[in-house]
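Asks: Sharing upload35.txt here; it has compact mmCIF, C-alpha atoms and all ligand atoms.
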# COMPACT_ATOMS: atom_id res chain seq x y z
CA MET A 1 -20.01 -21.90 -5.04
CA ILE A 2 -19.57 -25.20 -6.87
CA THR A 3 -16.94 -25.16 -9.63
CA ILE A 4 -16.56 -27.80 -12.31
CA SER A 5 -13.79 -28.15 -14.86
CA ALA A 6 -14.53 -28.32 -18.57
CA PHE A 7 -12.57 -27.81 -21.75
CA LYS A 8 -12.14 -24.42 -23.42
CA TRP A 9 -12.33 -26.21 -26.73
CA VAL A 10 -12.63 -29.74 -28.10
CA PRO A 11 -12.92 -30.95 -31.71
CA PRO A 12 -16.47 -31.06 -33.11
CA PHE A 13 -16.75 -34.86 -32.69
CA ALA A 14 -16.48 -34.37 -28.92
CA GLN A 15 -18.58 -31.24 -28.53
CA GLY A 16 -21.77 -32.14 -26.67
CA VAL A 17 -20.45 -35.39 -25.23
CA VAL A 18 -17.57 -34.25 -22.98
CA ARG A 19 -18.11 -35.72 -19.54
CA ASP A 20 -18.66 -32.43 -17.76
CA LEU A 21 -22.08 -32.60 -19.49
CA ARG A 22 -23.38 -35.24 -17.06
CA VAL A 23 -22.19 -33.18 -14.10
CA ARG A 24 -23.73 -29.99 -15.46
CA TRP A 25 -26.99 -31.90 -16.08
CA ALA A 26 -27.04 -33.29 -12.52
CA LEU A 27 -26.41 -29.81 -11.11
CA GLU A 28 -29.22 -28.38 -13.24
CA GLU A 29 -31.64 -31.12 -12.13
CA ALA A 30 -30.65 -30.53 -8.50
CA GLY A 31 -31.04 -26.77 -8.88
CA LEU A 32 -27.48 -26.13 -7.67
CA PRO A 33 -25.73 -23.12 -9.19
CA TYR A 34 -22.18 -23.63 -10.43
CA GLU A 35 -19.34 -22.03 -12.30
CA ALA A 36 -17.25 -23.70 -14.99
CA ARG A 37 -13.46 -23.48 -14.95
CA LEU A 38 -12.48 -23.80 -18.59
CA ILE A 39 -9.11 -25.49 -19.00
CA ASP A 40 -6.69 -26.39 -21.78
CA ALA A 41 -3.86 -28.89 -22.29
CA GLU A 42 -1.42 -26.76 -20.31
CA VAL A 43 -3.66 -26.78 -17.24
CA GLN A 44 -4.36 -30.51 -17.71
CA ALA A 45 -0.63 -31.18 -17.44
CA SER A 46 -0.03 -28.89 -14.46
CA SER A 47 0.76 -30.28 -11.03
CA GLU A 48 -1.96 -28.07 -9.57
CA TYR A 49 -4.60 -29.76 -11.76
CA ARG A 50 -3.11 -33.24 -11.31
CA ALA A 51 -3.58 -32.78 -7.56
CA LEU A 52 -7.31 -32.48 -8.28
CA GLN A 53 -7.54 -35.06 -11.10
CA PRO A 54 -4.68 -37.59 -11.18
CA PHE A 55 -5.25 -38.35 -14.88
CA GLY A 56 -5.52 -34.73 -15.98
CA GLN A 57 -9.06 -35.24 -17.28
CA VAL A 58 -12.31 -33.33 -16.95
CA PRO A 59 -14.52 -33.09 -15.01
CA VAL A 60 -13.35 -32.03 -11.58
CA PHE A 61 -15.91 -30.88 -9.01
CA GLU A 62 -14.87 -28.45 -6.26
CA GLU A 63 -16.90 -27.06 -3.39
CA ASP A 64 -15.81 -25.71 0.00
CA GLY A 65 -12.41 -27.39 -0.12
CA LEU A 66 -13.78 -30.72 -1.36
CA ALA A 67 -12.42 -31.83 -4.74
CA LEU A 68 -13.90 -34.83 -6.56
CA PHE A 69 -13.03 -36.49 -9.85
CA GLU A 70 -14.66 -39.32 -11.87
CA SER A 71 -17.96 -38.21 -13.35
CA GLY A 72 -19.83 -41.14 -11.77
CA ALA A 73 -18.68 -40.23 -8.28
CA ILE A 74 -19.41 -36.56 -8.87
CA VAL A 75 -22.89 -37.19 -10.22
CA LEU A 76 -23.66 -39.50 -7.31
CA HIS A 77 -22.46 -36.85 -4.85
CA ILE A 78 -24.75 -34.28 -6.45
CA ALA A 79 -27.65 -36.73 -6.67
CA SER A 80 -27.45 -37.42 -2.94
CA ARG A 81 -28.64 -33.83 -2.48
CA SER A 82 -31.60 -34.08 -4.83
CA GLU A 83 -34.87 -36.01 -4.68
CA VAL A 84 -35.22 -35.37 -8.42
CA LEU A 85 -32.19 -37.59 -9.04
CA LEU A 86 -32.38 -40.05 -6.14
CA PRO A 87 -35.69 -41.11 -4.60
CA SER A 88 -35.78 -40.88 -0.81
CA ASP A 89 -36.92 -44.43 -0.11
CA GLU A 90 -33.97 -46.71 0.37
CA ALA A 91 -34.84 -49.45 -2.11
CA SER A 92 -35.63 -47.06 -4.97
CA ARG A 93 -32.47 -45.14 -4.20
CA ALA A 94 -30.37 -48.30 -4.36
CA ARG A 95 -31.99 -49.25 -7.68
CA ALA A 96 -31.18 -45.83 -9.14
CA VAL A 97 -27.56 -46.15 -8.03
CA THR A 98 -27.47 -49.63 -9.57
CA TRP A 99 -28.42 -48.15 -12.93
CA LEU A 100 -25.80 -45.44 -12.63
CA PHE A 101 -23.16 -48.15 -12.21
CA ALA A 102 -24.69 -50.25 -14.98
CA ALA A 103 -24.47 -47.30 -17.35
CA LEU A 104 -20.78 -46.84 -16.56
CA ASN A 105 -19.58 -50.40 -16.06
CA SER A 106 -21.77 -52.47 -18.37
CA VAL A 107 -22.59 -50.08 -21.20
CA GLU A 108 -20.10 -47.19 -21.34
CA ASN A 109 -17.09 -49.51 -21.34
CA ARG A 110 -18.20 -51.06 -24.66
CA VAL A 111 -19.61 -47.89 -26.17
CA GLN A 112 -16.44 -45.94 -25.40
CA GLN A 113 -14.22 -48.59 -26.99
CA LEU A 114 -16.27 -48.43 -30.17
CA ALA A 115 -16.17 -44.63 -30.24
CA GLU A 116 -12.40 -44.58 -29.76
CA LEU A 117 -11.93 -47.09 -32.55
CA ASP A 118 -14.13 -45.13 -34.95
CA LEU A 119 -12.92 -41.66 -34.07
CA PHE A 120 -9.20 -42.18 -33.46
CA TYR A 121 -8.13 -45.28 -35.41
CA PRO A 122 -10.55 -45.73 -38.34
CA ASP A 123 -7.80 -46.55 -40.85
CA GLN A 124 -5.76 -48.94 -38.73
CA GLU A 125 -5.80 -52.55 -39.86
CA TRP A 126 -6.19 -53.83 -36.28
CA ALA A 127 -9.18 -51.55 -35.76
CA LYS A 128 -10.89 -52.88 -38.89
CA LEU A 129 -10.41 -56.41 -37.57
CA ARG A 130 -11.67 -55.53 -34.09
CA ARG A 131 -14.67 -53.43 -35.08
CA PRO A 132 -17.26 -56.10 -36.06
CA GLY A 133 -16.88 -57.92 -32.74
CA LEU A 134 -17.06 -54.67 -30.81
CA GLU A 135 -20.12 -53.48 -32.70
CA LYS A 136 -21.79 -56.82 -31.99
CA ALA A 137 -21.04 -56.43 -28.27
CA VAL A 138 -22.52 -52.91 -28.25
CA ARG A 139 -25.60 -54.04 -30.21
CA ARG A 140 -26.10 -56.78 -27.66
CA ARG A 141 -26.10 -54.33 -24.75
CA LEU A 142 -28.53 -52.06 -26.60
CA SER A 143 -30.98 -54.87 -27.25
CA GLU A 144 -30.68 -55.98 -23.62
CA LEU A 145 -31.57 -52.46 -22.55
CA VAL A 146 -34.54 -52.48 -24.91
CA ALA A 147 -35.71 -55.77 -23.39
CA TRP A 148 -35.43 -54.28 -19.91
CA LEU A 149 -37.25 -51.08 -20.83
CA GLY A 150 -40.22 -52.84 -22.40
CA ASP A 151 -43.07 -50.32 -22.02
CA ARG A 152 -41.32 -48.33 -19.32
CA GLU A 153 -40.57 -44.66 -19.85
CA TYR A 154 -37.46 -44.86 -17.66
CA LEU A 155 -35.17 -47.57 -16.32
CA GLU A 156 -37.21 -47.63 -13.10
CA ASP A 157 -40.67 -46.22 -12.40
CA ARG A 158 -39.51 -42.59 -12.68
CA PHE A 159 -36.55 -40.55 -13.98
CA THR A 160 -33.46 -40.93 -11.78
CA VAL A 161 -29.72 -40.40 -11.86
CA GLY A 162 -29.52 -43.81 -13.57
CA ASP A 163 -31.36 -42.43 -16.60
CA LEU A 164 -29.19 -39.33 -16.58
CA MET A 165 -26.04 -41.41 -16.77
CA MET A 166 -27.42 -43.91 -19.29
CA THR A 167 -28.50 -41.08 -21.59
CA THR A 168 -25.04 -39.51 -21.58
CA VAL A 169 -23.54 -42.90 -22.37
CA LEU A 170 -25.94 -43.54 -25.27
CA ARG A 171 -25.05 -40.13 -26.70
CA ILE A 172 -21.49 -41.36 -27.25
CA LEU A 173 -22.93 -43.50 -30.10
CA ARG A 174 -24.15 -40.48 -32.04
CA HIS A 175 -21.54 -40.96 -34.78
CA THR A 176 -23.16 -44.34 -35.58
CA ASP A 177 -26.64 -45.47 -36.64
CA LEU A 178 -26.83 -48.09 -33.90
CA LEU A 179 -29.61 -46.34 -31.99
CA ASP A 180 -31.67 -45.96 -35.15
CA ALA A 181 -31.94 -49.75 -35.15
CA GLU A 182 -33.45 -49.60 -31.64
CA PRO A 183 -36.34 -47.11 -31.78
CA THR A 184 -37.43 -47.82 -28.18
CA LEU A 185 -34.01 -46.88 -26.89
CA LYS A 186 -33.73 -43.89 -29.19
CA ALA A 187 -37.09 -42.62 -27.91
CA TYR A 188 -35.97 -43.23 -24.32
CA LYS A 189 -32.78 -41.21 -24.87
CA GLU A 190 -34.72 -38.40 -26.55
CA ARG A 191 -37.27 -38.39 -23.68
CA CYS A 192 -34.44 -37.82 -21.21
CA GLU A 193 -32.73 -35.26 -23.43
CA ALA A 194 -35.98 -33.30 -23.67
CA ARG A 195 -35.70 -32.39 -20.00
CA PRO A 196 -35.08 -28.64 -19.61
CA ALA A 197 -32.16 -29.35 -17.24
CA PHE A 198 -30.42 -31.37 -19.97
CA GLN A 199 -31.00 -28.62 -22.52
CA ARG A 200 -29.45 -26.03 -20.19
CA ALA A 201 -26.47 -28.29 -19.49
CA LEU A 202 -25.84 -28.93 -23.17
CA ALA A 203 -26.12 -25.24 -24.04
CA ALA A 204 -23.64 -24.42 -21.27
CA GLN A 205 -21.08 -26.94 -22.51
CA MET A 206 -21.46 -25.75 -26.10
CA GLU A 207 -21.33 -22.02 -25.33
CA PRO A 208 -17.51 -21.58 -25.27
CA PHE A 209 -17.13 -23.68 -28.44
CA GLN A 210 -19.77 -21.65 -30.25
CA ARG A 211 -18.23 -18.42 -29.03
CA ARG A 212 -14.96 -19.49 -30.66
CA GLY A 213 -16.86 -20.32 -33.84
CA THR A 214 -15.37 -23.81 -34.28
N1 LIG B 1 -13.71 -41.99 -16.09
C1 LIG B 1 -13.53 -40.58 -16.22
C2 LIG B 1 -13.23 -40.28 -17.68
C3 LIG B 1 -13.01 -38.81 -17.89
C4 LIG B 1 -12.65 -38.53 -19.32
O1 LIG B 1 -12.46 -39.45 -20.15
N2 LIG B 1 -12.58 -37.24 -19.65
C5 LIG B 1 -12.20 -36.88 -21.00
C6 LIG B 1 -13.22 -35.93 -21.58
S1 LIG B 1 -14.78 -36.73 -21.81
C7 LIG B 1 -10.88 -36.15 -20.94
O2 LIG B 1 -10.63 -35.34 -20.06
N3 LIG B 1 -10.02 -36.45 -21.92
C8 LIG B 1 -8.73 -35.83 -22.05
C9 LIG B 1 -7.64 -36.72 -21.60
O3 LIG B 1 -7.90 -37.88 -21.23
O4 LIG B 1 -6.52 -36.24 -21.61
C10 LIG B 1 -14.81 -39.85 -15.78
O5 LIG B 1 -15.89 -40.40 -15.98
O6 LIG B 1 -14.71 -38.74 -15.24
Show me, as structure tokens, the structure contained in the file I just sent.
Replies:
Amino acid sequence: MITISAFKWVPPFAQGVVRDLRVRWALEEAGLPYEARLIDAEVQASSEYRALQPFGQVPVFEEDGLALFESGAIVLHIASRSEVLLPSDEASRARAVTWLFAALNSVENRVQQLAELDLFYPDQEWAKLRRPGLEKAVRRRLSELVAWLGDREYLEDRFTVGDLMMTTVLRILRHTDLLDAEPTLKAYKERCEARPAFQRALAAQMEPFQRRGT
């Protein structure tokens, strides 16, 4: 049985965007059953967990003695077992993988910086100075994505693991109105989020938080 790590609890600003979501979504799309190992700060700091994830973060993927960390690597590993996520022809497959990396290396890096600034350091003087430039850099990536999408429904000619990853990255901007300014991109994200596999993944991440009532 596949096991993934996830948090027992995170503050509301993080609920629904923790990175086990993308792994859960990939597993749901691939039709692979899994169990979640819910962890806390004590487990994160333990040597047992650090042997699985050197930085103490979630998610970790475990199956038959194989342990993987880094959500991009995990999602790619899952996708390699699913035609839904990775087309079988070589060129289309390579394009889908390209978009997975683009989501992580060209979009998430900026989006994450903005989110950290807004959520962790909103009152710091240096953050106030840095924010306009960072917002501009994020806006630029969003408009570049819009230009690429044009009339397309997905980043390529069908839904792939690239769209899965890009959607989870765009969700990190939910505390801002940046996507409202880009209706094409907002509609793209919502199209991907409407997939039943995403809805199941989101519900599964949220379940322990809702059970706790916070
Ligand atoms: N690059 C890593 C980032 C993982 C990551 O940032 N995980 C966050 C949750 S979304 C985490 O565990 N944060 C707690 C911490 O860093 O201590 C990945 O994609 O797996």
Asks: Counting all atoms listed in the file, which residues in region 61-91 of chain A sit no more than 10 Å from region 163-179 of chain A? For each one, give the nearest pair of atoms and the distance in Å, sorted by chain then residue number, as JSON lines.
Replies:
{"residue": "A:Ser71", "atom": "CA", "partner": "A:Met165", "partner_atom": "CA", "distance": 9.3}
{"residue": "A:Gly72", "atom": "CA", "partner": "A:Met165", "partner_atom": "CA", "distance": 8.0}
{"residue": "A:Val75", "atom": "CA", "partner": "A:Met165", "partner_atom": "CA", "distance": 8.4}
{"residue": "A:Leu76", "atom": "CA", "partner": "A:Met165", "partner_atom": "CA", "distance": 9.9}
{"residue": "A:Leu85", "atom": "CA", "partner": "A:Leu164", "partner_atom": "CA", "distance": 8.3}
Asks: Which residues are near ligand LIG 1 (chain B) in this structure, taking near to mean any atom at most 10 Å from a ligand atom and counting only C-alpha atoms and all ligand atoms? Format them as a PyMOL selection string.
Replies: chain A and resi 5-7+10+14-23+40-41+44-45+53+55-60+68-75+104+108-109+112+172
Asks: Output C-alpha atoms for every residue in the selection just made, as a CSV table (one decimal), in the frame of the given file.
Replies:
chain,number,residue,atom,x,y,z
A,5,SER,CA,-13.8,-28.2,-14.9
A,6,ALA,CA,-14.5,-28.3,-18.6
A,7,PHE,CA,-12.6,-27.8,-21.8
A,10,VAL,CA,-12.6,-29.7,-28.1
A,14,ALA,CA,-16.5,-34.4,-28.9
A,15,GLN,CA,-18.6,-31.2,-28.5
A,16,GLY,CA,-21.8,-32.1,-26.7
A,17,VAL,CA,-20.4,-35.4,-25.2
A,18,VAL,CA,-17.6,-34.2,-23.0
A,19,ARG,CA,-18.1,-35.7,-19.5
A,20,ASP,CA,-18.7,-32.4,-17.8
A,21,LEU,CA,-22.1,-32.6,-19.5
A,22,ARG,CA,-23.4,-35.2,-17.1
A,23,VAL,CA,-22.2,-33.2,-14.1
A,40,ASP,CA,-6.7,-26.4,-21.8
A,41,ALA,CA,-3.9,-28.9,-22.3
A,44,GLN,CA,-4.4,-30.5,-17.7
A,45,ALA,CA,-0.6,-31.2,-17.4
A,53,GLN,CA,-7.5,-35.1,-11.1
A,55,PHE,CA,-5.2,-38.4,-14.9
A,56,GLY,CA,-5.5,-34.7,-16.0
A,57,GLN,CA,-9.1,-35.2,-17.3
A,58,VAL,CA,-12.3,-33.3,-17.0
A,59,PRO,CA,-14.5,-33.1,-15.0
A,60,VAL,CA,-13.4,-32.0,-11.6
A,68,LEU,CA,-13.9,-34.8,-6.6
A,69,PHE,CA,-13.0,-36.5,-9.8
A,70,GLU,CA,-14.7,-39.3,-11.9
A,71,SER,CA,-18.0,-38.2,-13.4
A,72,GLY,CA,-19.8,-41.1,-11.8
A,73,ALA,CA,-18.7,-40.2,-8.3
A,74,ILE,CA,-19.4,-36.6,-8.9
A,75,VAL,CA,-22.9,-37.2,-10.2
A,104,LEU,CA,-20.8,-46.8,-16.6
A,108,GLU,CA,-20.1,-47.2,-21.3
A,109,ASN,CA,-17.1,-49.5,-21.3
A,112,GLN,CA,-16.4,-45.9,-25.4
A,172,ILE,CA,-21.5,-41.4,-27.2
Asks: Of the candidates A:Leu117, A:Val107, A:Arg158, A:Val43, which one gets nearest to Pro132 (chain A) if we count all atoms listed in the file?
Replies: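 Looking only at the distances to Pro132 (chain A), the closest residue turns out to be A:Leu117.
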Asks: With distances taken over all atoms listed in the file, which of A:Ala137, A:Ala181, A:Leu100, A:Leu202 is nearest to Leu86 (chain A)?
Replies: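 The shortest atom-to-atom distance to Leu86 (chain A) comes from A:Leu100.
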Asks: Taking all atoms of region 185-196 of chain A that the file lists and extending 5 Å past them on each side, where is the centre of the axis-aligned box and how long are its edges? Answer in Å to one decimal, as AutoDock Vina command-line options.
Replies:
--center_x -35.0 --center_y -37.8 --center_z -24.4 --size_x 14.5 --size_y 28.2 --size_z 19.6
Asks: With the cut-off set at 12 Å and counting only C-alpha atoms, tabulate each residue of region 53-152 of chain A with an atom at most that distance from an atom of region 189-192 of chain A, showing the nearest atom pair and its distance in Å to one decimal, ordered by chain and increasing number, as a Markdown table.
Replies:
| residue | atom | partner | partner_atom | distance |
| --- | --- | --- | --- | --- |
| A:Leu142 | CA | A:Lys189 | CA | 11.8 |
| A:Leu145 | CA | A:Lys189 | CA | 11.6 |
| A:Val146 | CA | A:Lys189 | CA | 11.4 |
| A:Leu149 | CA | A:Lys189 | CA | 11.6 |
| A:Arg152 | CA | A:Arg191 | CA | 11.6 |
Asks: May I have the residues from that selection written out with C-alpha atoms, as a PDB file, keeping the file's coordinate frame?
Replies:
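Output file selection.pdb follows:
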ATOM      1  CA  LEU A 142     -28.530 -52.060 -26.600  1.00  0.00           C
ATOM      2  CA  LEU A 145     -31.570 -52.460 -22.550  1.00  0.00           C
ATOM      3  CA  VAL A 146     -34.540 -52.480 -24.910  1.00  0.00           C
ATOM      4  CA  LEU A 149     -37.250 -51.080 -20.830  1.00  0.00           C
ATOM      5  CA  ARG A 152     -41.320 -48.330 -19.320  1.00  0.00           C
TER       6      ARG A 152
END
Asks: Give me, please, the distance in Å between CA of Phe120 (chain A) and CA of Arg200 (chain A), quoted to one decimal.
Replies: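 Rounded to one decimal, the two atoms are 29.1 Å apart.
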Asks: Would you save region 26-139 of chain A from the block above with C-alpha atoms, as a tab-separated table (two decimals), in the first residue's frame?
Replies:
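The result, written out as selection-v9.tsv:
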chain	number	residue	atom	x	y	z
A	26	ALA	CA	-2.02	12.44	-8.74
A	27	LEU	CA	-2.85	9.23	-6.87
A	28	GLU	CA	-6.57	9.85	-7.35
A	29	GLU	CA	-6.11	10.51	-11.09
A	30	ALA	CA	-4.01	7.35	-11.39
A	31	GLY	CA	-6.55	5.31	-9.43
A	32	LEU	CA	-3.93	4.20	-6.90
A	33	PRO	CA	-5.18	3.65	-3.35
A	34	TYR	CA	-3.12	5.17	-0.55
A	35	GLU	CA	-3.03	5.83	3.15
A	36	ALA	CA	-2.01	9.10	4.78
A	37	ARG	CA	0.42	9.18	7.69
A	38	LEU	CA	-0.53	12.30	9.61
A	39	ILE	CA	2.48	13.87	11.31
A	40	ASP	CA	3.24	16.76	13.65
A	41	ALA	CA	6.29	18.88	14.53
A	42	GLU	CA	7.70	16.16	16.78
A	43	VAL	CA	7.71	13.62	13.96
A	44	GLN	CA	9.10	16.23	11.54
A	45	ALA	CA	12.10	16.67	13.82
A	46	SER	CA	12.68	12.95	14.42
A	47	SER	CA	15.67	11.16	12.93
A	48	GLU	CA	13.32	8.48	11.61
A	49	TYR	CA	11.42	11.08	9.54
A	50	ARG	CA	14.58	12.96	8.53
A	51	ALA	CA	15.85	9.69	7.02
A	52	LEU	CA	12.83	9.85	4.71
A	53	GLN	CA	12.74	13.63	4.15
A	54	PRO	CA	16.03	15.43	4.89
A	55	PHE	CA	14.26	18.77	5.44
A	56	GLY	CA	11.52	17.39	7.67
A	57	GLN	CA	8.80	18.51	5.26
A	58	VAL	CA	5.71	16.88	3.80
A	59	PRO	CA	5.04	15.06	1.57
A	60	VAL	CA	6.92	11.78	1.74
A	61	PHE	CA	5.82	8.89	-0.49
A	62	GLU	CA	6.50	5.30	0.60
A	63	GLU	CA	5.77	2.06	-1.21
A	64	ASP	CA	7.41	-1.36	-0.92
A	65	GLY	CA	10.57	-0.02	0.70
A	66	LEU	CA	10.90	2.91	-1.70
A	67	ALA	CA	10.78	6.34	-0.04
A	68	LEU	CA	10.57	9.52	-2.12
A	69	PHE	CA	10.47	13.18	-1.17
A	70	GLU	CA	9.97	16.40	-3.19
A	71	SER	CA	6.41	16.68	-4.45
A	72	GLY	CA	7.57	17.12	-8.08
A	73	ALA	CA	9.54	13.88	-8.02
A	74	ILE	CA	6.71	12.05	-6.29
A	75	VAL	CA	4.07	13.28	-8.72
A	76	LEU	CA	6.27	12.36	-11.67
A	77	HIS	CA	6.80	8.88	-10.23
A	78	ILE	CA	3.04	8.41	-9.89
A	79	ALA	CA	2.37	9.91	-13.32
A	80	SER	CA	4.70	7.41	-14.96
A	81	ARG	CA	2.13	4.77	-14.00
A	82	SER	CA	-0.87	6.58	-15.45
A	83	GLU	CA	-1.90	7.45	-19.00
A	84	VAL	CA	-4.32	9.97	-17.49
A	85	LEU	CA	-1.36	12.01	-16.27
A	86	LEU	CA	1.30	11.23	-18.86
A	87	PRO	CA	0.43	10.46	-22.49
A	88	SER	CA	2.09	7.34	-23.85
A	89	ASP	CA	3.65	8.90	-26.94
A	90	GLU	CA	7.14	10.10	-26.21
A	91	ALA	CA	6.88	13.68	-27.45
A	92	SER	CA	3.61	14.41	-25.62
A	93	ARG	CA	5.04	12.83	-22.51
A	94	ALA	CA	8.12	15.02	-22.65
A	95	ARG	CA	5.95	18.12	-23.13
A	96	ALA	CA	3.86	17.22	-20.07
A	97	VAL	CA	7.01	16.77	-17.99
A	98	THR	CA	8.26	20.12	-19.29
A	99	TRP	CA	5.16	21.79	-17.90
A	100	LEU	CA	5.55	20.06	-14.56
A	101	PHE	CA	9.03	21.56	-14.28
A	102	ALA	CA	7.83	24.93	-15.54
A	103	ALA	CA	5.17	25.00	-12.84
A	104	LEU	CA	7.77	24.33	-10.15
A	105	ASN	CA	10.81	26.20	-11.43
A	106	SER	CA	9.36	29.15	-13.35
A	107	VAL	CA	6.09	29.86	-11.55
A	108	GLU	CA	6.08	28.35	-8.05
A	109	ASN	CA	9.39	29.96	-7.11
A	110	ARG	CA	7.89	33.46	-7.55
A	111	VAL	CA	4.44	32.60	-6.26
A	112	GLN	CA	5.85	31.01	-3.11
A	113	GLN	CA	8.04	34.02	-2.35
A	114	LEU	CA	5.02	36.30	-2.58
A	115	ALA	CA	2.93	34.02	-0.36
A	116	GLU	CA	5.67	33.86	2.27
A	117	LEU	CA	6.02	37.62	2.28
A	118	ASP	CA	2.27	38.16	2.64
A	119	LEU	CA	1.58	35.42	5.14
A	120	PHE	CA	4.66	35.49	7.38
A	121	TYR	CA	6.15	39.00	7.17
A	122	PRO	CA	3.35	41.43	6.23
A	123	ASP	CA	4.42	44.08	8.75
A	124	GLN	CA	8.16	44.01	8.13
A	125	GLU	CA	9.60	47.10	6.51
A	126	TRP	CA	11.80	45.06	4.16
A	127	ALA	CA	8.77	43.06	3.03
A	128	LYS	CA	6.84	46.23	2.20
A	129	LEU	CA	9.78	47.38	0.09
A	130	ARG	CA	10.15	44.03	-1.67
A	131	ARG	CA	6.48	43.33	-2.34
A	132	PRO	CA	5.76	45.58	-5.37
A	133	GLY	CA	8.65	44.11	-7.35
A	134	LEU	CA	7.66	40.58	-6.41
A	135	GLU	CA	4.02	41.15	-7.30
A	136	LYS	CA	5.11	42.53	-10.66
A	137	ALA	CA	7.22	39.41	-11.29
A	138	VAL	CA	4.27	37.15	-10.42
A	139	ARG	CA	1.88	39.18	-12.60
